[in-house]
>>> print(open('run_4.cif').read())   # mmCIF, N, CA and C atoms
data_upload
loop_
_atom_site.label_atom_id
_atom_site.label_comp_id
_atom_site.auth_asym_id
_atom_site.auth_seq_id
_atom_site.Cartn_x
_atom_site.Cartn_y
_atom_site.Cartn_z
N MET A 40 130.56 -103.25 109.34
CA MET A 40 130.66 -103.32 107.92
C MET A 40 129.25 -103.36 107.32
N ASN A 41 128.98 -102.53 106.37
CA ASN A 41 127.67 -102.42 105.73
C ASN A 41 127.66 -103.24 104.45
N TRP A 42 127.07 -104.43 104.52
CA TRP A 42 127.06 -105.35 103.37
C TRP A 42 126.23 -104.80 102.22
N LEU A 43 125.17 -104.09 102.55
CA LEU A 43 124.33 -103.52 101.48
C LEU A 43 125.09 -102.51 100.65
N ALA A 44 125.92 -101.69 101.34
CA ALA A 44 126.72 -100.70 100.61
C ALA A 44 127.78 -101.39 99.77
N LEU A 45 128.38 -102.44 100.31
CA LEU A 45 129.40 -103.17 99.56
C LEU A 45 128.83 -103.85 98.31
N LEU A 46 127.62 -104.36 98.44
CA LEU A 46 126.99 -105.05 97.31
C LEU A 46 126.28 -104.09 96.36
N GLY A 47 126.22 -102.81 96.71
CA GLY A 47 125.57 -101.83 95.85
C GLY A 47 124.05 -101.87 95.92
N LEU A 48 123.54 -102.43 97.00
CA LEU A 48 122.09 -102.56 97.13
C LEU A 48 121.48 -101.48 98.02
N GLU A 49 122.29 -100.64 98.60
CA GLU A 49 121.77 -99.63 99.52
C GLU A 49 120.85 -98.65 98.79
N GLY A 50 121.21 -98.20 97.61
CA GLY A 50 120.38 -97.29 96.82
C GLY A 50 119.08 -97.94 96.39
N TRP A 51 119.18 -99.22 96.02
CA TRP A 51 118.00 -99.94 95.58
C TRP A 51 117.01 -100.09 96.73
N PHE A 52 117.51 -100.43 97.95
CA PHE A 52 116.64 -100.56 99.11
C PHE A 52 116.03 -99.21 99.50
N ALA A 53 116.79 -98.14 99.35
CA ALA A 53 116.26 -96.80 99.66
C ALA A 53 115.14 -96.45 98.69
N ARG A 54 115.33 -96.77 97.41
CA ARG A 54 114.28 -96.50 96.43
C ARG A 54 113.03 -97.34 96.71
N MET A 55 113.23 -98.60 97.08
CA MET A 55 112.10 -99.48 97.38
C MET A 55 111.35 -98.99 98.62
N ARG A 56 112.09 -98.55 99.62
CA ARG A 56 111.48 -98.02 100.84
C ARG A 56 110.67 -96.76 100.51
N ALA A 57 111.24 -95.86 99.70
CA ALA A 57 110.54 -94.64 99.32
C ALA A 57 109.29 -94.97 98.49
N ALA A 58 109.42 -95.94 97.59
CA ALA A 58 108.26 -96.33 96.77
C ALA A 58 107.17 -96.95 97.63
N THR A 59 107.56 -97.73 98.63
CA THR A 59 106.57 -98.36 99.52
C THR A 59 105.85 -97.30 100.33
N ILE A 60 106.59 -96.33 100.85
CA ILE A 60 105.97 -95.25 101.63
C ILE A 60 105.04 -94.44 100.74
N GLU A 61 105.48 -94.12 99.54
CA GLU A 61 104.65 -93.37 98.60
C GLU A 61 103.39 -94.15 98.23
N GLY A 62 103.53 -95.46 98.05
CA GLY A 62 102.38 -96.30 97.74
C GLY A 62 101.39 -96.35 98.89
N ALA A 63 101.90 -96.40 100.11
CA ALA A 63 101.02 -96.42 101.28
C ALA A 63 100.25 -95.11 101.40
N ILE A 64 100.93 -94.01 101.16
CA ILE A 64 100.27 -92.70 101.22
C ILE A 64 99.21 -92.60 100.12
N ALA A 65 99.56 -93.07 98.93
CA ALA A 65 98.59 -93.03 97.82
C ALA A 65 97.39 -93.92 98.11
N ALA A 66 97.62 -95.10 98.69
CA ALA A 66 96.51 -95.99 99.02
C ALA A 66 95.60 -95.35 100.07
N GLU A 67 96.18 -94.68 101.05
CA GLU A 67 95.39 -94.00 102.06
C GLU A 67 94.55 -92.89 101.44
N ASP A 68 95.14 -92.14 100.51
CA ASP A 68 94.39 -91.09 99.82
C ASP A 68 93.23 -91.68 99.02
N ARG A 69 93.47 -92.80 98.36
CA ARG A 69 92.41 -93.44 97.57
C ARG A 69 91.29 -93.94 98.47
N LEU A 70 91.64 -94.46 99.64
CA LEU A 70 90.62 -94.92 100.58
C LEU A 70 89.78 -93.75 101.10
N ASP A 71 90.43 -92.62 101.35
CA ASP A 71 89.67 -91.43 101.77
C ASP A 71 88.70 -91.00 100.68
N LEU A 72 89.17 -91.03 99.44
CA LEU A 72 88.32 -90.66 98.31
C LEU A 72 87.13 -91.61 98.18
N VAL A 73 87.38 -92.90 98.33
CA VAL A 73 86.29 -93.89 98.27
C VAL A 73 85.30 -93.65 99.40
N ARG A 74 85.80 -93.34 100.58
CA ARG A 74 84.93 -93.08 101.72
C ARG A 74 84.01 -91.89 101.46
N LEU A 75 84.57 -90.81 100.90
CA LEU A 75 83.76 -89.62 100.60
C LEU A 75 82.72 -89.93 99.52
N GLU A 76 83.14 -90.62 98.48
CA GLU A 76 82.20 -90.92 97.40
C GLU A 76 81.14 -91.93 97.85
N TRP A 77 81.48 -92.83 98.77
CA TRP A 77 80.49 -93.78 99.27
C TRP A 77 79.41 -93.04 100.06
N ALA A 78 79.81 -92.01 100.81
CA ALA A 78 78.83 -91.21 101.54
C ALA A 78 77.86 -90.53 100.56
N ASP A 79 78.38 -89.99 99.46
CA ASP A 79 77.52 -89.39 98.44
C ASP A 79 76.59 -90.43 97.82
N GLU A 80 77.13 -91.61 97.55
CA GLU A 80 76.33 -92.66 96.94
C GLU A 80 75.22 -93.13 97.88
N LYS A 81 75.50 -93.22 99.18
CA LYS A 81 74.47 -93.62 100.14
C LYS A 81 73.34 -92.61 100.18
N ARG A 82 73.69 -91.31 100.14
CA ARG A 82 72.65 -90.28 100.13
C ARG A 82 71.80 -90.40 98.87
N ARG A 83 72.44 -90.63 97.74
CA ARG A 83 71.71 -90.74 96.48
C ARG A 83 70.80 -91.98 96.49
N LEU A 84 71.28 -93.09 97.02
CA LEU A 84 70.46 -94.29 97.09
C LEU A 84 69.27 -94.11 98.05
N ALA A 85 69.50 -93.41 99.15
CA ALA A 85 68.40 -93.15 100.08
C ALA A 85 67.34 -92.28 99.41
N LEU A 86 67.76 -91.30 98.63
CA LEU A 86 66.82 -90.46 97.92
C LEU A 86 66.04 -91.27 96.89
N ILE A 87 66.70 -92.21 96.23
CA ILE A 87 66.01 -93.07 95.26
C ILE A 87 64.94 -93.91 95.97
N VAL A 88 65.27 -94.46 97.12
CA VAL A 88 64.29 -95.27 97.86
C VAL A 88 63.09 -94.41 98.25
N ILE A 89 63.34 -93.20 98.75
CA ILE A 89 62.25 -92.31 99.14
C ILE A 89 61.38 -91.97 97.93
N LEU A 90 62.02 -91.68 96.80
CA LEU A 90 61.25 -91.34 95.61
C LEU A 90 60.48 -92.54 95.05
N VAL A 91 61.03 -93.73 95.17
CA VAL A 91 60.30 -94.93 94.73
C VAL A 91 59.04 -95.11 95.56
N VAL A 92 59.17 -94.93 96.87
CA VAL A 92 58.00 -95.03 97.75
C VAL A 92 56.98 -93.95 97.40
N ALA A 93 57.47 -92.73 97.16
CA ALA A 93 56.57 -91.62 96.80
C ALA A 93 55.86 -91.89 95.48
N VAL A 94 56.60 -92.37 94.48
CA VAL A 94 55.99 -92.67 93.19
C VAL A 94 54.96 -93.79 93.33
N GLY A 95 55.28 -94.80 94.11
CA GLY A 95 54.33 -95.90 94.31
C GLY A 95 53.06 -95.42 95.00
N GLY A 96 53.23 -94.67 96.07
CA GLY A 96 52.06 -94.16 96.79
C GLY A 96 51.23 -93.20 95.96
N LEU A 97 51.91 -92.30 95.26
CA LEU A 97 51.18 -91.34 94.44
C LEU A 97 50.52 -92.01 93.23
N THR A 98 51.09 -93.09 92.76
CA THR A 98 50.45 -93.83 91.66
C THR A 98 49.13 -94.43 92.12
N VAL A 99 49.13 -95.02 93.30
CA VAL A 99 47.89 -95.58 93.84
C VAL A 99 46.84 -94.49 94.01
N ILE A 100 47.24 -93.37 94.59
CA ILE A 100 46.30 -92.27 94.81
C ILE A 100 45.82 -91.70 93.48
N ALA A 101 46.74 -91.51 92.54
CA ALA A 101 46.38 -90.94 91.25
C ALA A 101 45.40 -91.84 90.50
N LEU A 102 45.67 -93.12 90.51
CA LEU A 102 44.78 -94.03 89.80
C LEU A 102 43.41 -94.13 90.49
N THR A 103 43.40 -94.10 91.82
CA THR A 103 42.14 -94.13 92.54
C THR A 103 41.31 -92.89 92.24
N LEU A 104 41.96 -91.74 92.30
CA LEU A 104 41.23 -90.51 92.03
C LEU A 104 40.86 -90.37 90.56
N LEU A 105 41.67 -90.88 89.69
CA LEU A 105 41.32 -90.85 88.27
C LEU A 105 40.08 -91.72 88.02
N SER A 106 40.02 -92.86 88.67
CA SER A 106 38.83 -93.70 88.56
C SER A 106 37.61 -92.99 89.14
N LEU A 107 37.81 -92.34 90.28
CA LEU A 107 36.71 -91.59 90.90
C LEU A 107 36.26 -90.46 89.97
N ALA A 108 37.21 -89.80 89.34
CA ALA A 108 36.87 -88.71 88.42
C ALA A 108 36.07 -89.21 87.23
N ILE A 109 36.43 -90.37 86.73
CA ILE A 109 35.68 -90.93 85.60
C ILE A 109 34.26 -91.28 86.02
N LEU A 110 34.12 -91.85 87.23
CA LEU A 110 32.78 -92.16 87.72
C LEU A 110 31.94 -90.90 87.95
N VAL A 111 32.56 -89.91 88.54
CA VAL A 111 31.84 -88.67 88.84
C VAL A 111 31.48 -87.93 87.54
N HIS A 112 32.30 -88.12 86.53
CA HIS A 112 32.07 -87.45 85.26
C HIS A 112 30.69 -87.79 84.69
N PHE A 113 30.20 -88.95 84.99
CA PHE A 113 28.92 -89.36 84.46
C PHE A 113 27.75 -88.98 85.36
N TRP A 114 28.02 -88.27 86.48
CA TRP A 114 26.93 -87.79 87.32
C TRP A 114 26.26 -86.62 86.63
N ASP A 115 25.20 -86.11 87.24
CA ASP A 115 24.39 -85.08 86.60
C ASP A 115 24.93 -83.67 86.76
N GLU A 116 25.52 -83.33 87.90
CA GLU A 116 25.92 -81.95 88.15
C GLU A 116 27.30 -81.66 87.60
N PRO A 117 27.49 -80.56 86.83
CA PRO A 117 28.79 -80.27 86.22
C PRO A 117 29.86 -79.81 87.22
N GLN A 118 29.50 -79.22 88.38
CA GLN A 118 30.52 -78.80 89.34
C GLN A 118 31.27 -80.00 89.91
N ARG A 119 30.59 -81.07 90.14
CA ARG A 119 31.24 -82.27 90.66
C ARG A 119 32.27 -82.80 89.66
N THR A 120 31.95 -82.71 88.43
CA THR A 120 32.86 -83.19 87.39
C THR A 120 34.14 -82.35 87.38
N MET A 121 33.99 -81.03 87.42
CA MET A 121 35.16 -80.16 87.39
C MET A 121 36.05 -80.39 88.62
N VAL A 122 35.46 -80.50 89.78
CA VAL A 122 36.23 -80.72 91.00
C VAL A 122 36.95 -82.06 90.97
N ALA A 123 36.25 -83.09 90.54
CA ALA A 123 36.87 -84.42 90.50
C ALA A 123 38.05 -84.45 89.53
N TRP A 124 37.86 -83.84 88.36
CA TRP A 124 38.97 -83.81 87.39
C TRP A 124 40.12 -82.93 87.88
N SER A 125 39.80 -81.87 88.58
CA SER A 125 40.86 -81.01 89.14
C SER A 125 41.70 -81.76 90.18
N ILE A 126 41.03 -82.49 91.05
CA ILE A 126 41.73 -83.27 92.07
C ILE A 126 42.58 -84.36 91.40
N ALA A 127 41.98 -85.05 90.45
CA ALA A 127 42.72 -86.11 89.76
C ALA A 127 43.91 -85.53 89.01
N GLY A 128 43.72 -84.37 88.39
CA GLY A 128 44.83 -83.73 87.67
C GLY A 128 45.95 -83.30 88.60
N THR A 129 45.59 -82.79 89.77
CA THR A 129 46.60 -82.40 90.75
C THR A 129 47.43 -83.59 91.20
N TRP A 130 46.77 -84.69 91.52
CA TRP A 130 47.51 -85.89 91.92
C TRP A 130 48.36 -86.43 90.78
N LEU A 131 47.87 -86.33 89.58
CA LEU A 131 48.63 -86.79 88.43
C LEU A 131 49.88 -85.93 88.22
N LEU A 132 49.76 -84.63 88.42
CA LEU A 132 50.93 -83.75 88.31
C LEU A 132 51.96 -84.04 89.40
N LEU A 133 51.49 -84.29 90.62
CA LEU A 133 52.41 -84.64 91.71
C LEU A 133 53.12 -85.96 91.41
N TRP A 134 52.39 -86.91 90.88
CA TRP A 134 52.99 -88.20 90.50
C TRP A 134 54.06 -88.00 89.42
N ALA A 135 53.76 -87.18 88.42
CA ALA A 135 54.72 -86.93 87.33
C ALA A 135 55.97 -86.24 87.87
N ALA A 136 55.81 -85.31 88.81
CA ALA A 136 56.97 -84.63 89.40
C ALA A 136 57.84 -85.61 90.18
N ALA A 137 57.22 -86.49 90.95
CA ALA A 137 58.00 -87.49 91.70
C ALA A 137 58.69 -88.46 90.76
N LEU A 138 58.02 -88.84 89.69
CA LEU A 138 58.63 -89.73 88.70
C LEU A 138 59.82 -89.07 88.01
N ALA A 139 59.69 -87.79 87.67
CA ALA A 139 60.80 -87.06 87.06
C ALA A 139 61.98 -86.97 88.02
N GLY A 140 61.70 -86.71 89.30
CA GLY A 140 62.76 -86.68 90.31
C GLY A 140 63.45 -88.01 90.45
N LEU A 141 62.67 -89.08 90.39
CA LEU A 141 63.25 -90.43 90.47
C LEU A 141 64.17 -90.70 89.30
N PHE A 142 63.74 -90.37 88.08
CA PHE A 142 64.58 -90.59 86.91
C PHE A 142 65.86 -89.76 86.95
N THR A 143 65.75 -88.52 87.39
CA THR A 143 66.93 -87.65 87.47
C THR A 143 67.93 -88.21 88.47
N THR A 144 67.46 -88.63 89.62
CA THR A 144 68.35 -89.18 90.65
C THR A 144 68.94 -90.51 90.21
N ALA A 145 68.15 -91.34 89.54
CA ALA A 145 68.66 -92.64 89.08
C ALA A 145 69.74 -92.47 88.02
N LYS A 146 69.62 -91.46 87.17
CA LYS A 146 70.67 -91.21 86.17
C LYS A 146 71.98 -90.81 86.85
N LYS A 147 71.89 -90.02 87.90
CA LYS A 147 73.09 -89.62 88.64
C LYS A 147 73.71 -90.81 89.35
N ALA A 148 72.90 -91.74 89.79
CA ALA A 148 73.40 -92.90 90.52
C ALA A 148 74.18 -93.83 89.61
N GLY A 149 73.96 -93.79 88.32
CA GLY A 149 74.68 -94.66 87.40
C GLY A 149 76.15 -94.32 87.28
N ASN A 150 76.53 -93.14 87.69
CA ASN A 150 77.92 -92.69 87.60
C ASN A 150 78.57 -92.69 88.98
N ALA A 151 78.55 -93.81 89.65
CA ALA A 151 79.07 -93.88 91.01
C ALA A 151 80.60 -93.85 91.01
N PHE A 152 81.17 -93.22 92.00
CA PHE A 152 82.61 -93.17 92.25
C PHE A 152 83.44 -92.67 91.06
N PRO A 153 83.07 -91.56 90.45
CA PRO A 153 83.83 -91.10 89.28
C PRO A 153 85.25 -90.67 89.62
N LEU A 154 85.44 -89.99 90.75
CA LEU A 154 86.78 -89.52 91.11
C LEU A 154 87.71 -90.68 91.44
N THR A 155 87.18 -91.66 92.16
CA THR A 155 88.00 -92.83 92.51
C THR A 155 88.40 -93.59 91.26
N ARG A 156 87.45 -93.79 90.35
CA ARG A 156 87.78 -94.52 89.12
C ARG A 156 88.82 -93.78 88.30
N ARG A 157 88.71 -92.45 88.24
CA ARG A 157 89.69 -91.66 87.49
C ARG A 157 91.07 -91.76 88.14
N GLU A 158 91.12 -91.64 89.45
CA GLU A 158 92.42 -91.73 90.15
C GLU A 158 93.05 -93.10 89.97
N LEU A 159 92.25 -94.15 90.12
CA LEU A 159 92.81 -95.50 89.97
C LEU A 159 93.26 -95.77 88.54
N SER A 160 92.54 -95.26 87.56
CA SER A 160 92.98 -95.45 86.17
C SER A 160 94.27 -94.68 85.90
N GLU A 161 94.39 -93.50 86.49
CA GLU A 161 95.64 -92.74 86.35
C GLU A 161 96.80 -93.46 87.03
N ASP A 162 96.54 -94.02 88.22
CA ASP A 162 97.57 -94.80 88.90
C ASP A 162 98.00 -96.00 88.06
N TRP A 163 97.04 -96.69 87.49
CA TRP A 163 97.33 -97.86 86.68
C TRP A 163 98.14 -97.48 85.45
N ARG A 164 97.80 -96.34 84.85
CA ARG A 164 98.55 -95.86 83.68
C ARG A 164 99.99 -95.56 84.06
N GLN A 165 100.20 -94.93 85.21
CA GLN A 165 101.55 -94.60 85.65
C GLN A 165 102.35 -95.88 85.97
N ILE A 166 101.70 -96.86 86.56
CA ILE A 166 102.39 -98.11 86.87
C ILE A 166 102.83 -98.80 85.57
N LYS A 167 101.95 -98.81 84.57
CA LYS A 167 102.31 -99.44 83.30
C LYS A 167 103.45 -98.70 82.62
N GLU A 168 103.48 -97.38 82.74
CA GLU A 168 104.57 -96.59 82.14
C GLU A 168 105.90 -96.94 82.80
N ARG A 169 105.89 -97.10 84.11
CA ARG A 169 107.15 -97.39 84.83
C ARG A 169 107.65 -98.79 84.55
N LEU A 170 106.73 -99.72 84.28
CA LEU A 170 107.16 -101.07 84.01
C LEU A 170 107.59 -101.20 82.57
#
>>> encode(input="run_4.cif", output="structure tokens")
Amino acid sequence: MNWLALLGLEGWFARMRAATIEGAIAAEDRLDLVRLEWADEKRRLALIVILVVAVGGLTVIALTLLSLAILVHFWDEPQRTMVAWSIAGTWLLLWAAALAGLFTTAKKAGNAFPLTRRELSEDWRQIKERL
């Protein structure tokens, strides 16, 4: 004798079982999405660390050479002045490029896990609609 069928609960249990299975599949999909986005975020953070080190190192070099260029500027021969300013300018341009790369990468890092957040907000909206 099937008590669930007699009490009319068989359909309800079937729906709950189906909802649980669907929820488990959805949770697994969300975890896969988080895993993929975390890999992207780790790469972006590693690039930020590399660029911070590059900006720091190039800042030291740029400031040292800029100081050297200012000192050499007051020497007597004009060729030394041009060379010193050229070297200092080159290091300054490299520093500016690394700084621009750092800012660009940092802006991208502010938007971490966009797909996961969108999926979870959609899931939450659907749950609220059903309730």
>>> atom_distance(input="run_4.cif", atom1="atom N of Leu75 of chain A", atom2="atom C of Ala57 of chain A")
25.2 Å
>>> closest_residue(input="run_4.cif", among="A:Ile64, A:Leu97, A:Ile89, A:Leu105", to="Gly128 of chain A", atoms="only N, CA and C atoms")
A:Leu105
>>> atom_distance(input="run_4.cif", atom1="atom C of Trp134 of chain A", atom2="atom CA of Val94 of chain A")
6.3 Å
>>> axis_aligned_box(input="run_4.cif", around="segment 148-154 of chain A", padding_each_side="8 Å", output="AutoDock Vina command-line options")
--center_x 80.3 --center_y -92.1 --center_z 89.8 --size_x 30.8 --size_y 21.1 --size_z 21.0
>>> residues_around(input="run_4.cif", residues="Ala139 of chain A", least_positions_apart="5", cutoff="12 Å", atoms="only C-alpha atoms", output="compact mmCIF listing (two decimals) with N, CA and C atoms, in the coordinates of the input")
# COMPACT_ATOMS: atom_id res chain seq x y z
N ILE A 87 66.70 -92.21 96.23
CA ILE A 87 66.01 -93.07 95.26
C ILE A 87 64.94 -93.91 95.97
N LEU A 90 62.02 -91.68 96.80
CA LEU A 90 61.25 -91.34 95.61
C LEU A 90 60.48 -92.54 95.05
N VAL A 91 61.03 -93.73 95.17
CA VAL A 91 60.30 -94.93 94.73
C VAL A 91 59.04 -95.11 95.56
N ALA A 93 57.47 -92.73 97.16
CA ALA A 93 56.57 -91.62 96.80
C ALA A 93 55.86 -91.89 95.48
N VAL A 94 56.60 -92.37 94.48
CA VAL A 94 55.99 -92.67 93.19
C VAL A 94 54.96 -93.79 93.33
N LEU A 132 49.76 -84.63 88.42
CA LEU A 132 50.93 -83.75 88.31
C LEU A 132 51.96 -84.04 89.40
N LEU A 133 51.49 -84.29 90.62
CA LEU A 133 52.41 -84.64 91.71
C LEU A 133 53.12 -85.96 91.41
N TRP A 134 52.39 -86.91 90.88
CA TRP A 134 52.99 -88.20 90.50
C TRP A 134 54.06 -88.00 89.42
N THR A 144 67.46 -88.63 89.62
CA THR A 144 68.35 -89.18 90.65
C THR A 144 68.94 -90.51 90.21
N ALA A 145 68.15 -91.34 89.54
CA ALA A 145 68.66 -92.64 89.08
C ALA A 145 69.74 -92.47 88.02
N LYS A 146 69.62 -91.46 87.17
CA LYS A 146 70.67 -91.21 86.17
C LYS A 146 71.98 -90.81 86.85
>>> resolve_selection(input="run_4.cif", expression="the PyMOL selection byres (((chain A and resi 155 and name CA) around 8) and name CA)", output="ChimeraX atom specification")
/A:69,72-73,76,152-154,156-159
>>> atom_distance(input="run_4.cif", atom1="atom CA of Asp68 of chain A", atom2="atom CA of Ala53 of chain A")
22.6 Å
>>> closest_residue(input="run_4.cif", among="A:Pro117, A:Gly62, A:Gly140, A:Gly50", to="Leu86 of chain A", atoms="all atoms listed in the file")
A:Gly140
>>> closest_residue(input="run_4.cif", among="A:Trp124, A:Arg83, A:Gly95, A:Ala66", to="Ala137 of chain A", atoms="all atoms listed in the file")
A:Gly95
>>> closest_residue(input="run_4.cif", among="A:Ala85, A:Ala135, A:Ala123, A:Ile166", to="Thr98 of chain A", atoms="only N, CA and C atoms")
A:Ala135
>>> residues_around(input="run_4.cif", residues="segment 106-110 of chain A", least_positions_apart="4", cutoff="7 Å", atoms="all atoms listed in the file", output="list in words")
Ala101, Leu102, Trp114, Thr120, Ala123, Trp124 and Ala127 of chain A
>>> write_last_selection(input="run_4.cif", atoms="N, CA and C atoms", output="JSON list (two decimals), in the coordinates of the input")
[["chain", "number", "residue", "atom", "x", "y", "z"],
["A", 101, "ALA", "N", 46.74, -91.51, 92.54],
["A", 101, "ALA", "CA", 46.38, -90.94, 91.25],
["A", 101, "ALA", "C", 45.40, -91.84, 90.50],
["A", 102, "LEU", "N", 45.67, -93.12, 90.51],
["A", 102, "LEU", "CA", 44.78, -94.03, 89.80],
["A", 102, "LEU", "C", 43.41, -94.13, 90.49],
["A", 114, "TRP", "N", 28.02, -88.27, 86.48],
["A", 114, "TRP", "CA", 26.93, -87.79, 87.32],
["A", 114, "TRP", "C", 26.26, -86.62, 86.63],
["A", 120, "THR", "N", 31.95, -82.71, 88.43],
["A", 120, "THR", "CA", 32.86, -83.19, 87.39],
["A", 120, "THR", "C", 34.14, -82.35, 87.38],
["A", 123, "ALA", "N", 36.25, -83.09, 90.54],
["A", 123, "ALA", "CA", 36.87, -84.42, 90.50],
["A", 123, "ALA", "C", 38.05, -84.45, 89.53],
["A", 124, "TRP", "N", 37.86, -83.84, 88.36],
["A", 124, "TRP", "CA", 38.97, -83.81, 87.39],
["A", 124, "TRP", "C", 40.12, -82.93, 87.88],
["A", 127, "ALA", "N", 41.98, -85.05, 90.45],
["A", 127, "ALA", "CA", 42.72, -86.11, 89.76],
["A", 127, "ALA", "C", 43.91, -85.53, 89.01]]
>>> closest_residue(input="run_4.cif", among="A:Met121, A:Ile126, A:Val88, A:Leu48", to="Leu104 of chain A", atoms="all atoms listed in the file")
A:Ile126
